[in-house]
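Peer 1: Pasting a structure below so you can have a look.
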Amino acid sequence: MSEEQYHSASHCKYLIQYHIIWCLKFRFSVLQGNIEFTLKQILQKICNDYGYNIKALEVMPDHIHIFVDVPQTVAPCDVVKTLKSISAIELFKVFPQLKQFYARCGVLWSRGYFVSTVGHISEATVIKYIEEQKTHD
């Protein structure tokens with residue numbers, strides 16, 4: 001892995017990237033057309049504001065896939081909470097009909113989500129590296 005892919009902070013080097021997926025409440029296929037376009041802009045602005053770097057983003061009709069590079073101080077649950085809460089508020093502002101559609105339950109996104117770390121080296125490589133440390137003189 002090349003050195004420039006890592007980030008530097010006070011006394012540390014890091015690379016923290018997450019693949020996150022979350023769904024609309026009831027999995028209705030409403031994230032299309034102008035809503036999809038606006039949601040992508042909203043997510044980009046949130047990421048810019050919070051120091052997250054979007055590596056990939058796809059808005060499906062009923063769920064979102066996002067691959068983000070984040071600061072080392074942010075927990076994955078906080079990344080998800082920030083993206084979901086602010087995007088729902090902003091989408092409801094821009095599309096009042098969406099808020100009307102979801103008025104019964106009062107929420108846009110389902111409660112759950114998927115998050116996975118993404119790295120450039122495999123689990124096997126890390127295990128092998130750690131196991132070989134004692135004999136690596």
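Naming works like this for the structure tokens: A, B, ... for the chains as they're shown, residue 1 at the start of each chain, ligands 1 onward in shown order.
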Might you pull out every residue within 9 Å of A:Cys47, with only C-alpha atoms counted and same-chain residues fewer than 6 positions away left off, and present them as a list in words?
Peer 2: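 So the residues in contact are Asn53, Ile54, Val68, Val70 and Leu83 of chain A.
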Peer 1: Output the selection as a short mmCIF file (atom, residue, chain, number, x, y, z; two decimals), in the first residue's frame - C-alpha atoms for each residue.
Peer 2:
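Resulting contents of part-v2.cif:
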data_model
loop_
_atom_site.label_atom_id
_atom_site.label_comp_id
_atom_site.auth_asym_id
_atom_site.auth_seq_id
_atom_site.Cartn_x
_atom_site.Cartn_y
_atom_site.Cartn_z
CA ASN A 53 -14.53 11.30 1.92
CA ILE A 54 -16.94 9.41 -0.33
CA VAL A 68 -16.46 6.35 2.98
CA VAL A 70 -13.44 8.77 7.76
CA LEU A 83 -25.65 10.22 7.46
#
Peer 1: Quick one: everything within 10 Å of stretch 100-109 of chain A, counting only C-alpha atoms, minus sequence neighbours fewer than 4 positions away in the same chain. Send it as a list in words.
Peer 2: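 So, after excluding close chain neighbours, the residues are Trp22, Cys23, Leu24, Lys25, Phe26, Arg27, Val30, Asp62, His63, Lys84, Ser85, Ser87, Ala88, Ile89, Leu91, Phe92, Phe95, Pro96 and Tyr113 of chain A.
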Peer 1: Just C-alpha atoms for this one: save the residues we selected as a PDB file, in the first residue's frame.
Peer 2:
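Generated file (out_6.pdb):
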ATOM      1  CA  TRP A  22     -29.119   1.212   4.933  1.00  0.00           C
ATOM      2  CA  CYS A  23     -32.710   0.881   3.732  1.00  0.00           C
ATOM      3  CA  LEU A  24     -35.865   2.910   3.548  1.00  0.00           C
ATOM      4  CA  LYS A  25     -38.559   2.107   6.067  1.00  0.00           C
ATOM      5  CA  PHE A  26     -40.806  -0.576   4.534  1.00  0.00           C
ATOM      6  CA  ARG A  27     -38.368  -0.812   1.554  1.00  0.00           C
ATOM      7  CA  VAL A  30     -39.024   5.991  -3.742  1.00  0.00           C
ATOM      8  CA  ASP A  62     -35.024   1.327  -1.704  1.00  0.00           C
ATOM      9  CA  HIS A  63     -31.535   1.429  -0.145  1.00  0.00           C
ATOM     10  CA  LYS A  84     -29.119   8.808   8.185  1.00  0.00           C
ATOM     11  CA  SER A  85     -30.445  11.545  10.472  1.00  0.00           C
ATOM     12  CA  SER A  87     -30.229  13.101   5.142  1.00  0.00           C
ATOM     13  CA  ALA A  88     -33.762  12.303   6.356  1.00  0.00           C
ATOM     14  CA  ILE A  89     -34.263  15.830   7.707  1.00  0.00           C
ATOM     15  CA  LEU A  91     -34.934  15.137   2.173  1.00  0.00           C
ATOM     16  CA  PHE A  92     -38.158  15.850   4.084  1.00  0.00           C
ATOM     17  CA  PHE A  95     -39.698  16.826  -0.715  1.00  0.00           C
ATOM     18  CA  PRO A  96     -42.704  17.501   1.554  1.00  0.00           C
ATOM     19  CA  TYR A 113     -27.881  -0.872   8.842  1.00  0.00           C
TER      20      TYR A 113
END
Peer 1: From the list A:Ile20, A:Leu98, A:Leu57, A:Leu43, which residue is nearest A:Val80 when using only C-alpha atoms?
Peer 2: A:Ile20
Peer 1: Determine the nearest neighbour of A:Ser116 from the options A:Gln32, A:Thr73, A:His19, A:His7, counting only C-alpha atoms.
Peer 2: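 Closest residue, counting only C-alpha atoms: A:His19.
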Peer 1: Find, counting only C-alpha atoms, the residue in A:Met60, A:Ile35, A:Val94, A:Val115 that gets nearest to A:Lys81.
Peer 2: A:Val115
Peer 1: Please return, as a short mmCIF file (atom, residue, chain, number, x, y, z; two decimals) with C-alpha atoms, in the first residue's frame, all residues of chain A that DSSP assigns to alpha helix (DSSP H) on the basis of the backbone.
Peer 2:
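After the write, out-v9.cif holds the following:
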data_model
loop_
_atom_site.label_atom_id
_atom_site.label_comp_id
_atom_site.auth_asym_id
_atom_site.auth_seq_id
_atom_site.Cartn_x
_atom_site.Cartn_y
_atom_site.Cartn_z
CA GLY A 33 -35.32 10.60 -10.22
CA ASN A 34 -35.06 13.97 -8.47
CA ILE A 35 -35.11 12.35 -5.03
CA GLU A 36 -32.10 10.18 -5.92
CA PHE A 37 -30.20 13.14 -7.37
CA THR A 38 -30.97 15.36 -4.36
CA LEU A 39 -30.08 12.61 -1.87
CA LYS A 40 -26.65 12.20 -3.50
CA GLN A 41 -26.06 15.96 -3.14
CA ILE A 42 -27.22 15.89 0.50
CA LEU A 43 -24.94 12.96 1.35
CA GLN A 44 -21.99 14.70 -0.36
CA LYS A 45 -22.60 17.87 1.67
CA ILE A 46 -22.87 15.92 4.94
CA CYS A 47 -19.60 14.15 4.17
CA ASN A 48 -17.88 17.43 3.30
CA ASP A 49 -19.15 19.03 6.53
CA TYR A 50 -18.00 16.11 8.71
CA PRO A 76 -18.83 3.66 12.67
CA CYS A 77 -22.19 3.94 14.46
CA ASP A 78 -21.73 7.73 14.58
CA VAL A 79 -20.97 7.88 10.84
CA VAL A 80 -24.21 5.98 10.15
CA LYS A 81 -26.24 8.07 12.62
CA THR A 82 -24.98 11.32 11.05
CA LEU A 83 -25.65 10.22 7.46
CA LYS A 84 -29.12 8.81 8.18
CA SER A 85 -30.44 11.55 10.47
CA ILE A 86 -29.30 14.60 8.52
CA SER A 87 -30.23 13.10 5.14
CA ALA A 88 -33.76 12.30 6.36
CA ILE A 89 -34.26 15.83 7.71
CA GLU A 90 -32.95 17.43 4.52
CA LEU A 91 -34.93 15.14 2.17
CA PHE A 92 -38.16 15.85 4.08
CA LYS A 93 -37.49 19.61 3.72
CA VAL A 94 -36.94 19.39 -0.04
CA PRO A 96 -42.70 17.50 1.55
CA GLN A 97 -44.63 14.78 -0.31
CA LEU A 98 -42.05 12.28 0.99
CA LYS A 99 -42.70 13.45 4.55
CA GLN A 100 -46.44 13.08 3.90
CA PHE A 101 -45.87 9.56 2.54
CA GLU A 123 -7.17 -10.70 7.28
CA ALA A 124 -4.74 -13.51 6.51
CA THR A 125 -1.97 -11.00 5.77
CA VAL A 126 -2.48 -9.22 9.11
CA ILE A 127 -2.53 -12.52 11.05
CA LYS A 128 0.65 -13.69 9.28
CA TYR A 129 2.35 -10.33 9.95
CA ILE A 130 1.51 -10.43 13.67
CA GLU A 131 2.53 -14.09 14.04
#
